[in-house]
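Structure data (PDB, C-alpha atoms) from input.pdb:
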```
ATOM      1  CA  MET A  19       4.522 -12.894  -7.564  1.00  0.00           C
ATOM      2  CA  ARG A  20       1.588 -12.187  -5.298  1.00  0.00           C
ATOM      3  CA  LEU A  21       0.617  -9.164  -7.411  1.00  0.00           C
ATOM      4  CA  ALA A  22       0.931 -11.177 -10.647  1.00  0.00           C
ATOM      5  CA  LEU A  23      -1.396 -13.815  -9.172  1.00  0.00           C
ATOM      6  CA  GLU A  24      -3.897 -11.081  -8.276  1.00  0.00           C
ATOM      7  CA  GLU A  25      -3.765  -9.903 -11.893  1.00  0.00           C
ATOM      8  CA  ALA A  26      -4.358 -13.478 -13.054  1.00  0.00           C
ATOM      9  CA  ARG A  27      -7.524 -13.583 -10.936  1.00  0.00           C
ATOM     10  CA  LYS A  28      -8.698 -10.356 -12.595  1.00  0.00           C
ATOM     11  CA  ALA A  29      -8.186 -12.002 -15.980  1.00  0.00           C
ATOM     12  CA  ALA A  30     -10.219 -15.037 -14.912  1.00  0.00           C
ATOM     13  CA  ASP A  31     -12.999 -12.797 -13.593  1.00  0.00           C
ATOM     14  CA  ALA A  32     -13.133 -11.161 -17.041  1.00  0.00           C
ATOM     15  CA  GLY A  33     -13.362 -14.556 -18.772  1.00  0.00           C
ATOM     16  CA  GLU A  34      -9.734 -14.471 -19.899  1.00  0.00           C
ATOM     17  CA  VAL A  35      -7.106 -17.152 -19.372  1.00  0.00           C
ATOM     18  CA  PRO A  36      -5.788 -16.344 -15.872  1.00  0.00           C
ATOM     19  CA  ILE A  37      -2.304 -15.023 -16.456  1.00  0.00           C
ATOM     20  CA  GLY A  38      -0.886 -11.955 -14.762  1.00  0.00           C
ATOM     21  CA  ALA A  39       2.379 -10.063 -15.141  1.00  0.00           C
ATOM     22  CA  VAL A  40       4.207  -7.352 -13.218  1.00  0.00           C
ATOM     23  CA  VAL A  41       7.224  -5.230 -14.193  1.00  0.00           C
ATOM     24  CA  VAL A  42       9.441  -4.152 -11.305  1.00  0.00           C
ATOM     25  CA  LYS A  43      12.492  -1.900 -11.287  1.00  0.00           C
ATOM     26  CA  GLY A  44      14.498  -2.061  -8.094  1.00  0.00           C
ATOM     27  CA  GLU A  45      11.916  -2.164  -5.340  1.00  0.00           C
ATOM     28  CA  LYS A  46       9.285  -0.250  -7.324  1.00  0.00           C
ATOM     29  CA  VAL A  47       6.364  -1.820  -9.156  1.00  0.00           C
ATOM     30  CA  ILE A  48       6.130  -0.059 -12.525  1.00  0.00           C
ATOM     31  CA  VAL A  49       3.001  -1.797 -13.870  1.00  0.00           C
ATOM     32  CA  ALA A  50       0.757  -4.798 -13.370  1.00  0.00           C
ATOM     33  CA  ALA A  51      -1.291  -6.331 -16.185  1.00  0.00           C
ATOM     34  CA  HIS A  52      -3.235  -9.420 -17.152  1.00  0.00           C
ATOM     35  CA  ASN A  53      -4.337 -11.324 -20.231  1.00  0.00           C
ATOM     36  CA  SER A  54      -6.985  -9.581 -22.336  1.00  0.00           C
ATOM     37  CA  PRO A  55      -7.032 -11.047 -25.892  1.00  0.00           C
ATOM     38  CA  ARG A  56     -10.782 -11.704 -25.803  1.00  0.00           C
ATOM     39  CA  THR A  57     -11.683  -8.407 -24.189  1.00  0.00           C
ATOM     40  CA  ASP A  58      -9.444  -6.375 -26.498  1.00  0.00           C
ATOM     41  CA  HIS A  59     -10.037  -8.517 -29.610  1.00  0.00           C
ATOM     42  CA  ASP A  60      -6.251  -8.679 -29.878  1.00  0.00           C
ATOM     43  CA  PRO A  61      -4.360 -11.980 -30.095  1.00  0.00           C
ATOM     44  CA  THR A  62      -1.196 -10.223 -28.872  1.00  0.00           C
ATOM     45  CA  ALA A  63      -2.803  -8.962 -25.637  1.00  0.00           C
ATOM     46  CA  HIS A  64      -0.958 -11.431 -23.427  1.00  0.00           C
ATOM     47  CA  ALA A  65      -0.166 -10.317 -19.879  1.00  0.00           C
ATOM     48  CA  GLU A  66       3.553 -10.034 -20.625  1.00  0.00           C
ATOM     49  CA  ILE A  67       3.031  -7.910 -23.737  1.00  0.00           C
ATOM     50  CA  ALA A  68       0.592  -5.611 -21.920  1.00  0.00           C
ATOM     51  CA  ALA A  69       3.013  -5.208 -19.010  1.00  0.00           C
ATOM     52  CA  ILE A  70       6.009  -4.544 -21.276  1.00  0.00           C
ATOM     53  CA  ARG A  71       4.093  -1.963 -23.335  1.00  0.00           C
ATOM     54  CA  ALA A  72       2.782  -0.153 -20.264  1.00  0.00           C
ATOM     55  CA  ALA A  73       6.167  -0.194 -18.498  1.00  0.00           C
ATOM     56  CA  ALA A  74       7.965   1.187 -21.550  1.00  0.00           C
ATOM     57  CA  LYS A  75       5.404   3.958 -21.788  1.00  0.00           C
ATOM     58  CA  ALA A  76       5.560   4.703 -18.042  1.00  0.00           C
ATOM     59  CA  LEU A  77       9.364   4.863 -18.124  1.00  0.00           C
ATOM     60  CA  GLY A  78       9.464   6.731 -21.434  1.00  0.00           C
ATOM     61  CA  GLN A  79      11.846   4.308 -23.109  1.00  0.00           C
ATOM     62  CA  GLU A  80      11.697   1.265 -25.351  1.00  0.00           C
ATOM     63  CA  ARG A  81      14.223  -0.787 -23.394  1.00  0.00           C
ATOM     64  CA  LEU A  82      13.474  -2.012 -19.908  1.00  0.00           C
ATOM     65  CA  GLU A  83      17.058  -2.592 -18.831  1.00  0.00           C
ATOM     66  CA  GLY A  84      17.294  -3.178 -15.111  1.00  0.00           C
ATOM     67  CA  CYS A  85      13.644  -4.263 -14.936  1.00  0.00           C
ATOM     68  CA  ASP A  86      12.309  -7.623 -13.806  1.00  0.00           C
ATOM     69  CA  LEU A  87       9.197  -9.331 -15.156  1.00  0.00           C
ATOM     70  CA  TRP A  88       7.104 -11.522 -12.880  1.00  0.00           C
ATOM     71  CA  VAL A  89       4.527 -13.681 -14.680  1.00  0.00           C
ATOM     72  CA  THR A  90       2.281 -16.527 -13.576  1.00  0.00           C
ATOM     73  CA  LEU A  91       2.954 -18.835 -16.548  1.00  0.00           C
ATOM     74  CA  GLU A  92       6.005 -19.678 -18.629  1.00  0.00           C
ATOM     75  CA  PRO A  93       5.992 -17.211 -21.544  1.00  0.00           C
ATOM     76  CA  CYS A  94       5.114 -18.309 -25.078  1.00  0.00           C
ATOM     77  CA  ALA A  95       7.445 -17.685 -28.035  1.00  0.00           C
ATOM     78  CA  MET A  96       5.841 -14.299 -28.818  1.00  0.00           C
ATOM     79  CA  CYS A  97       6.232 -13.092 -25.251  1.00  0.00           C
ATOM     80  CA  ALA A  98       9.757 -14.503 -24.893  1.00  0.00           C
ATOM     81  CA  GLY A  99      10.725 -12.563 -28.028  1.00  0.00           C
ATOM     82  CA  ALA A 100       9.252  -9.377 -26.577  1.00  0.00           C
ATOM     83  CA  ILE A 101      11.086  -9.979 -23.286  1.00  0.00           C
ATOM     84  CA  SER A 102      14.343 -10.299 -25.210  1.00  0.00           C
ATOM     85  CA  HIS A 103      13.737  -7.171 -27.316  1.00  0.00           C
ATOM     86  CA  ALA A 104      12.763  -5.190 -24.203  1.00  0.00           C
ATOM     87  CA  ARG A 105      16.033  -6.228 -22.542  1.00  0.00           C
ATOM     88  CA  ILE A 106      14.301  -7.423 -19.370  1.00  0.00           C
ATOM     89  CA  ALA A 107      17.031  -8.243 -16.826  1.00  0.00           C
ATOM     90  CA  ARG A 108      15.309 -11.053 -14.939  1.00  0.00           C
ATOM     91  CA  LEU A 109      12.264 -13.191 -15.692  1.00  0.00           C
ATOM     92  CA  TYR A 110      10.432 -14.886 -12.844  1.00  0.00           C
ATOM     93  CA  TYR A 111       7.570 -17.222 -13.710  1.00  0.00           C
ATOM     94  CA  ALA A 112       5.363 -19.420 -11.591  1.00  0.00           C
ATOM     95  CA  ALA A 113       4.061 -22.397 -13.580  1.00  0.00           C
ATOM     96  CA  SER A 114       5.767 -24.206 -16.432  1.00  0.00           C
ATOM     97  CA  ASP A 115       3.865 -24.637 -19.701  1.00  0.00           C
ATOM     98  CA  PRO A 116       4.965 -27.816 -21.512  1.00  0.00           C
ATOM     99  CA  LYS A 117       2.433 -27.217 -24.329  1.00  0.00           C
ATOM    100  CA  GLY A 118       2.888 -23.520 -25.092  1.00  0.00           C
ATOM    101  CA  GLY A 119       5.893 -22.326 -23.135  1.00  0.00           C
ATOM    102  CA  ALA A 120       9.022 -21.251 -24.967  1.00  0.00           C
ATOM    103  CA  VAL A 121      11.523 -20.699 -22.175  1.00  0.00           C
ATOM    104  CA  GLU A 122      12.219 -24.174 -20.796  1.00  0.00           C
ATOM    105  CA  HIS A 123       9.945 -25.962 -23.280  1.00  0.00           C
ATOM    106  CA  GLY A 124       9.269 -25.836 -27.012  1.00  0.00           C
ATOM    107  CA  ALA A 125      11.271 -23.196 -28.865  1.00  0.00           C
ATOM    108  CA  LYS A 126      13.478 -22.314 -25.859  1.00  0.00           C
ATOM    109  CA  VAL A 127      13.805 -18.828 -27.312  1.00  0.00           C
ATOM    110  CA  PHE A 128      16.542 -17.617 -24.981  1.00  0.00           C
ATOM    111  CA  ASP A 129      18.798 -20.551 -25.941  1.00  0.00           C
ATOM    112  CA  HIS A 130      18.871 -19.668 -29.657  1.00  0.00           C
ATOM    113  CA  SER A 131      21.950 -18.029 -31.140  1.00  0.00           C
ATOM    114  CA  GLN A 132      19.616 -15.475 -32.792  1.00  0.00           C
ATOM    115  CA  CYS A 133      18.348 -14.298 -29.400  1.00  0.00           C
ATOM    116  CA  LEU A 134      19.523 -10.714 -28.937  1.00  0.00           C
ATOM    117  CA  HIS A 135      19.288 -10.743 -25.152  1.00  0.00           C
ATOM    118  CA  ALA A 136      18.522 -13.471 -22.645  1.00  0.00           C
ATOM    119  CA  PRO A 137      17.325 -12.524 -19.176  1.00  0.00           C
ATOM    120  CA  GLU A 138      18.220 -14.438 -16.051  1.00  0.00           C
ATOM    121  CA  VAL A 139      15.353 -16.916 -15.601  1.00  0.00           C
ATOM    122  CA  TYR A 140      13.861 -18.163 -12.338  1.00  0.00           C
ATOM    123  CA  SER A 141      10.817 -20.413 -12.121  1.00  0.00           C
ATOM    124  CA  GLY A 142       8.560 -22.076  -9.592  1.00  0.00           C
ATOM    125  CA  MET A 143       7.593 -19.213  -7.255  1.00  0.00           C
ATOM    126  CA  GLY A 144       3.819 -19.515  -6.772  1.00  0.00           C
ATOM    127  CA  GLU A 145       3.720 -22.485  -9.143  1.00  0.00           C
ATOM    128  CA  ASP A 146       1.016 -24.467  -7.326  1.00  0.00           C
ATOM    129  CA  GLU A 147      -1.364 -21.519  -7.025  1.00  0.00           C
ATOM    130  CA  ALA A 148      -0.879 -20.450 -10.643  1.00  0.00           C
ATOM    131  CA  ALA A 149      -1.267 -24.007 -11.976  1.00  0.00           C
ATOM    132  CA  ASP A 150      -4.386 -24.603  -9.848  1.00  0.00           C
ATOM    133  CA  MET A 151      -5.935 -21.372 -11.120  1.00  0.00           C
ATOM    134  CA  LEU A 152      -5.294 -22.364 -14.748  1.00  0.00           C
ATOM    135  CA  ARG A 153      -6.593 -25.925 -14.274  1.00  0.00           C
ATOM    136  CA  GLY A 154      -9.733 -24.627 -12.571  1.00  0.00           C
ATOM    137  CA  PHE A 155     -10.338 -22.088 -15.320  1.00  0.00           C
ATOM    138  CA  PHE A 156     -10.149 -24.694 -18.082  1.00  0.00           C
ATOM    139  CA  ARG A 157     -12.089 -27.304 -16.090  1.00  0.00           C
ATOM    140  CA  GLU A 158     -15.056 -24.902 -15.882  1.00  0.00           C
ATOM    141  CA  ARG A 159     -15.037 -24.415 -19.636  1.00  0.00           C
ATOM    142  CA  ARG A 160     -14.901 -28.072 -20.679  1.00  0.00           C
TER     143      ARG A 160
END
```

I'd like the structure from this file rewritten - as structure tokens, please.
Amino acid sequence: MRLALEEARKAADAGEVPIGAVVVKGEKVIVAAHNSPRTDHDPTAHAEIAAIRAAAKALGQERLEGCDLWVTLEPCAMCAGAISHARIARLYYAASDPKGGAVEHGAKVFDHSQCLHAPEVYSGMGEDEAADMLRGFFRERR
């Protein structure tokens, strides 16, 4: 999670919402990424999507079976769908997102019968640091 938090800081430094994500397979970090919708002019450029795309390319396959995704905020519905389609084995996220999250809040994507694959989900690691970073980011902009 430490690396995902570092990526979140890079996003904040670039004026993006501070969210970072890391794909790991076994003990090896495959990729690290952060939010970049404003920079890339791409509403789908969430940290999770960027990490999944880069990991699939790095591994030369569309499915990331056996891979874990570490992210600093509970994934939204779009990202949860991508996690399912990528066949991520385990999802670890730091802070919950009652407004936009779709894992333990809102749509609860992995609980739907239409969900093709549901990863094991673990939350709370680095929660305080991730939540503080997000609150600080939005406080500065209000």

Legend entry - Matched chain/residue IDs from the PyMOL selection byres ((chain A and resi 147) around 10), as a ChimeraX atom specification: /A:20,23,90,112-113,143-146,148-153

Residues near segment 73-85 of chain A, cut-off 10 Å, only C-alpha atoms, skip fewer than 6 positions along chain, as a short mmCIF file (atom, residue, chain, number, x, y, z; two decimals) with C-alpha atoms, in the frame of the given file:
```cif
data_model
loop_
_atom_site.label_atom_id
_atom_site.label_comp_id
_atom_site.auth_asym_id
_atom_site.auth_seq_id
_atom_site.Cartn_x
_atom_site.Cartn_y
_atom_site.Cartn_z
CA VAL A 40 4.21 -7.35 -13.22
CA VAL A 41 7.22 -5.23 -14.19
CA VAL A 42 9.44 -4.15 -11.30
CA LYS A 43 12.49 -1.90 -11.29
CA GLY A 44 14.50 -2.06 -8.09
CA GLU A 45 11.92 -2.16 -5.34
CA LYS A 46 9.28 -0.25 -7.32
CA VAL A 47 6.36 -1.82 -9.16
CA ILE A 48 6.13 -0.06 -12.52
CA VAL A 49 3.00 -1.80 -13.87
CA ALA A 50 0.76 -4.80 -13.37
CA ALA A 51 -1.29 -6.33 -16.18
CA ILE A 67 3.03 -7.91 -23.74
CA ILE A 101 11.09 -9.98 -23.29
CA SER A 102 14.34 -10.30 -25.21
CA HIS A 103 13.74 -7.17 -27.32
CA ALA A 104 12.76 -5.19 -24.20
CA ARG A 105 16.03 -6.23 -22.54
CA ILE A 106 14.30 -7.42 -19.37
CA ALA A 107 17.03 -8.24 -16.83
CA ARG A 108 15.31 -11.05 -14.94
CA LEU A 109 12.26 -13.19 -15.69
CA PRO A 137 17.32 -12.52 -19.18
#
```

Inset, instruction - Could you jot down the atom CA of Phe156 of chain A to atom CA of Val139 of chain A separation for me, Å, one decimal place? - result: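 Going from atom CA of Phe156 of chain A over to atom CA of Val139 of chain A, I get 26.8 Å.
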
Inset, instruction - Using atom CA of Val121 of chain A and atom CA of Trp88 of chain A as the two end points, give the distance in Å to one decimal. - result: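 Computed distance, atom CA of Val121 of chain A to atom CA of Trp88 of chain A, equals 13.8 Å.
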
Inset, instruction - Measuring atom to atom with only C-alpha atoms, identify which of A:Arg56, A:Asp31, A:Val89, A:Asp129 is nearest to Gly142 of chain A. - result: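 The answer is A:Val89, which sits nearest to Gly142 of chain A.
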
Inset, instruction - Enter the distance from atom CA of Ser131 of chain A to atom CA of Gly118 of chain A, in Å, rounded to one decimal. - result: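 Result for atom CA of Ser131 of chain A versus atom CA of Gly118 of chain A: 20.7 Å, one decimal.
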
Inset, instruction - Could you check which of A:Cys94, A:Ala32, A:Ala100, A:Ala39 is closest to Gly124 of chain A, using all atoms listed in the file? - result: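 Under the stated criterion, the closest residue is A:Cys94.
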
Inset, instruction - Would you mind telling me which residue in A:Ala69, A:Ala98, A:Leu87, A:Leu134 lies nearest to Glu122 of chain A when using all atoms listed in the file? - result: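 With all atoms listed in the file as the atom set, the closest residue is A:Ala98.
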
Legend entry - Nearby residues (all atoms listed in the file) at most 7 Å from Ala95 of chain A, same-chain spacing under 2 positions excluded, as a ChimeraX atom specification: /A:93,97-99,119-120,125,127

Inset, instruction - Using the chain letters and numbers from the file, give me the residues hit by the PyMOL selection byres ((chain A and resi 26) around 8), as a VMD selection string. - result: chain A and resid 22 to 25 27 to 30 35 to 39 52 to 53 90

Inset, instruction - Give the answer as one residue: which of A:Glu34, A:His59, A:Gln132, A:Tyr140 has the shortest atom-to-atom distance to Met19 of chain A, using all atoms listed in the file? - result: A:Tyr140

As lines of an AutoDock Vina configuration file, what would the box around segment 96-115 of chain A look like: edges along x, y and z, 4 Å added on every side, centre and edge lengths in Å to one decimal?
```
center_x = 10.4
center_y = -14.9
center_z = -20.2
size_x = 21.2
size_y = 27.4
size_z = 25.2
```

Inset, instruction - Go through A:Leu91, A:Asp86, A:Tyr111, A:Glu158 and flag the residue nearest His64 of chain A, using all atoms listed in the file for the distances. - result: A:Leu91
